[in-house]
Amino acid sequence: MLIPGIVAIFIFKYVPMYGVIIAFQDYRPIQGILGSDFVGLHWFRFVVRMPHFTNILRNTFVIAVGKVVADQVVAIAFALLLNEIRVRWYKRSLQTAVYLPNFLSWVIIGGIFIDILSTRGILNDFIAMLGFERQFFLGSNRWFQFTMIWTDVWKQFGFNAILYLAALTSINPELYESAIIDGANRAQQIRRITIPGMMATIILLATLNLGQIMEAGFEQILVMYNPAVYRTGDIIDTFVYRAGIIDGQYSLAAAVGLGKSVVAFVLIVVSYRLAYRYAGYRIF
C-alpha cells in the first residue's frame, strides 16, 4: 500500500532536487543545466548583500510566528469553550461550522476577504457607522501583517481545535467529579484539571510548529498582497516567485529557496528533538 506514495514522493520530491544545481550556476535556459557556467556561492553572497532582503526575512518571521502563536491560542480557547457545551447537537454543529473553512482554498477565501476588507466592504461600512475612519487593510503597511495573521486564524483554528478536543477526551472524568465534591467551580476545574491535562499536547504542537517558522503562507499572501505592501508583506516565498517566475532570475530564486530549505530542515530537526524531550513524542 505504501509503494504508490513512495514512488510519487520520489518522482516529485527527490528527482527534482537535481535542479538545485542552478543555485550554484549562472543559469541560462538556452544553455541548460549542463551548459551553464558554474559560479559557486555567488548568488548566496548576492542575496545576503541585497539591501531589502533583511526586511523580507523580518516579514517572514513576524507573520509566521504571529500565525503560530495566534492559531494555537485561539484554538485552545475555542476547544475549552466548546468542551463546556452540554447540548450535543449544538456542539457538533458549531464544531462543523468552524472546521469547514479549512477545506476551502486561499483563492476562494482570498476573494471573499478582498471584498470584505476593501474600503467599501462590509467591515469598513461597520467602522464608518461607528464614526471611525475607513481603513485600507490590504493596501496599508500598518495593517497588512495583522490582517494576514488573523485571516489565517479564521481559516485554521477550527482544525487545530480538533487536536485539543482529542486531548480533552483523555482526561479522567473522575477528576472533575472529585473537584465538584471539593467545591470547585467551572473556572477552577479548567485551571486545575483541564489545562494541565492538555499541557502535553500544547507543548507537543508548540514545538512541532517551530519547523513552520519559515512558512508564512505563500498562497494566502500571493492572493491578497500587492506592490503597495511589499515593505511589510513580501516574504521569502513571494520573493522567490517574483524572482524566478516573473523576472526569470532562476539562479537567484534557486539560491534563496535552497537557503530557506536548509534553515527549515534545521528547525524541523530541533523541533522534533524538543518534542521528544518535553512531550515524549518521536517518529522513530
# chains A, B, ... in the order shown; residues from 1 in each chain; ligands from 1

$ residues_around --residues "A:Ser261" --least-positions-apart "2" --cutoff "12 Å" --atoms "only C-alpha atoms" --output "PyMOL selection string"
chain A and resi 17+20+211-215+236-237+254-259+263-268

$ residues_around --residues "A:Gly217" --least-positions-apart "3" --cutoff "9 Å" --atoms "only C-alpha atoms" --output "PyMOL selection string"
chain A and resi 60+63-64+148+152+220-222+235+237

$ closest_residue --among "A:Ser251, A:Ser105, A:Thr232, A:Gln189" --to "A:Ile33" --atoms "only C-alpha atoms"
A:Ser251

$ closest_residue --among "A:Val39, A:Val229, A:Val68, A:Ile76" --to "A:Leu138" --atoms "only C-alpha atoms"
A:Val229

$ residues_around --residues "A:Asp71" --least-positions-apart "3" --cutoff "7 Å" --atoms "only C-alpha atoms" --output "PyMOL selection string"
chain A and resi 67-68+74-75+153+156-157

$ closest_residue --among "A:Leu165, A:Val15, A:Ile116, A:Val48" --to "A:Phe137" --atoms "only C-alpha atoms"
A:Ile116

$ closest_residue --among "A:Phe12, A:Phe113, A:Tyr272, A:Trp43" --to "A:Tyr27" --atoms "only C-alpha atoms"
A:Trp43

$ residues_around --residues "A:Met199" --least-positions-apart "3" --cutoff "12 Å" --atoms "only C-alpha atoms" --output "ChimeraX atom specification"
/A:76,164,167-168,170-171,191-196,202-206,278-279

$ select_by_dssp --residues "stretch 30-108 of chain A" --states "helix (DSSP H, G or I)" --output "NGL selection string"
:A and (32-35 or 42-49 or 53-83 or 88-103 or 106-108)

$ write_last_selection --atoms "C-alpha atoms" --output "PDB file, in the first residue's frame"
ATOM      1  CA  GLY A  32      20.638  24.144 -19.896  1.00  0.00           C
ATOM      2  CA  ILE A  33      21.942  22.927 -16.571  1.00  0.00           C
ATOM      3  CA  LEU A  34      24.935  21.131 -18.065  1.00  0.00           C
ATOM      4  CA  GLY A  35      25.930  24.060 -20.270  1.00  0.00           C
ATOM      5  CA  HIS A  42      27.967  33.966  -5.963  1.00  0.00           C
ATOM      6  CA  TRP A  43      24.172  34.087  -5.716  1.00  0.00           C
ATOM      7  CA  PHE A  44      24.181  33.366  -1.990  1.00  0.00           C
ATOM      8  CA  ARG A  45      26.555  36.286  -1.410  1.00  0.00           C
ATOM      9  CA  PHE A  46      24.426  38.421  -3.718  1.00  0.00           C
ATOM     10  CA  VAL A  47      21.292  37.662  -1.690  1.00  0.00           C
ATOM     11  CA  VAL A  48      22.960  38.447   1.638  1.00  0.00           C
ATOM     12  CA  ARG A  49      24.089  41.832   0.281  1.00  0.00           C
ATOM     13  CA  PHE A  53      16.461  41.042   1.979  1.00  0.00           C
ATOM     14  CA  THR A  54      16.703  41.639   5.744  1.00  0.00           C
ATOM     15  CA  ASN A  55      13.241  43.171   5.552  1.00  0.00           C
ATOM     16  CA  ILE A  56      11.959  40.091   3.703  1.00  0.00           C
ATOM     17  CA  LEU A  57      13.343  37.836   6.448  1.00  0.00           C
ATOM     18  CA  ARG A  58      11.754  40.027   9.101  1.00  0.00           C
ATOM     19  CA  ASN A  59       8.375  39.907   7.375  1.00  0.00           C
ATOM     20  CA  THR A  60       8.569  36.124   7.069  1.00  0.00           C
ATOM     21  CA  PHE A  61       9.472  35.698  10.726  1.00  0.00           C
ATOM     22  CA  VAL A  62       6.874  38.143  12.086  1.00  0.00           C
ATOM     23  CA  ILE A  63       3.988  36.756  10.027  1.00  0.00           C
ATOM     24  CA  ALA A  64       4.938  33.100  10.627  1.00  0.00           C
ATOM     25  CA  VAL A  65       5.417  33.491  14.389  1.00  0.00           C
ATOM     26  CA  GLY A  66       2.251  35.571  14.664  1.00  0.00           C
ATOM     27  CA  LYS A  67       0.267  32.861  12.887  1.00  0.00           C
ATOM     28  CA  VAL A  68       1.691  30.046  15.023  1.00  0.00           C
ATOM     29  CA  VAL A  69       1.031  31.854  18.315  1.00  0.00           C
ATOM     30  CA  ALA A  70      -2.412  33.224  17.412  1.00  0.00           C
ATOM     31  CA  ASP A  71      -3.570  29.921  15.867  1.00  0.00           C
ATOM     32  CA  GLN A  72      -2.658  27.974  18.994  1.00  0.00           C
ATOM     33  CA  VAL A  73      -4.078  30.472  21.481  1.00  0.00           C
ATOM     34  CA  VAL A  74      -7.412  30.776  19.664  1.00  0.00           C
ATOM     35  CA  ALA A  75      -7.633  27.004  19.077  1.00  0.00           C
ATOM     36  CA  ILE A  76      -7.006  26.268  22.777  1.00  0.00           C
ATOM     37  CA  ALA A  77      -9.553  28.871  23.900  1.00  0.00           C
ATOM     38  CA  PHE A  78     -12.172  27.583  21.452  1.00  0.00           C
ATOM     39  CA  ALA A  79     -11.578  23.953  22.479  1.00  0.00           C
ATOM     40  CA  LEU A  80     -12.041  24.883  26.138  1.00  0.00           C
ATOM     41  CA  LEU A  81     -15.254  26.776  25.410  1.00  0.00           C
ATOM     42  CA  LEU A  82     -16.602  24.048  23.141  1.00  0.00           C
ATOM     43  CA  ASN A  83     -15.857  21.433  25.789  1.00  0.00           C
ATOM     44  CA  ARG A  88     -24.628  17.669  21.824  1.00  0.00           C
ATOM     45  CA  TRP A  89     -26.298  18.750  18.548  1.00  0.00           C
ATOM     46  CA  TYR A  90     -25.316  22.381  19.082  1.00  0.00           C
ATOM     47  CA  LYS A  91     -21.756  21.404  19.955  1.00  0.00           C
ATOM     48  CA  ARG A  92     -21.380  19.295  16.809  1.00  0.00           C
ATOM     49  CA  SER A  93     -22.965  21.931  14.582  1.00  0.00           C
ATOM     50  CA  LEU A  94     -20.670  24.645  15.911  1.00  0.00           C
ATOM     51  CA  GLN A  95     -17.597  22.447  15.536  1.00  0.00           C
ATOM     52  CA  THR A  96     -18.527  21.629  11.928  1.00  0.00           C
ATOM     53  CA  ALA A  97     -19.146  25.304  11.089  1.00  0.00           C
ATOM     54  CA  VAL A  98     -15.711  26.463  12.275  1.00  0.00           C
ATOM     55  CA  TYR A  99     -13.997  23.430  10.730  1.00  0.00           C
ATOM     56  CA  LEU A 100     -15.358  23.935   7.195  1.00  0.00           C
ATOM     57  CA  PRO A 101     -13.113  26.909   6.190  1.00  0.00           C
ATOM     58  CA  ASN A 102     -10.117  24.579   6.453  1.00  0.00           C
ATOM     59  CA  PHE A 103     -11.307  22.814   3.292  1.00  0.00           C
ATOM     60  CA  TRP A 106      -6.964  30.573  -0.341  1.00  0.00           C
ATOM     61  CA  VAL A 107      -8.081  31.539  -3.848  1.00  0.00           C
ATOM     62  CA  ILE A 108     -11.703  31.356  -2.682  1.00  0.00           C
TER      63      ILE A 108
END
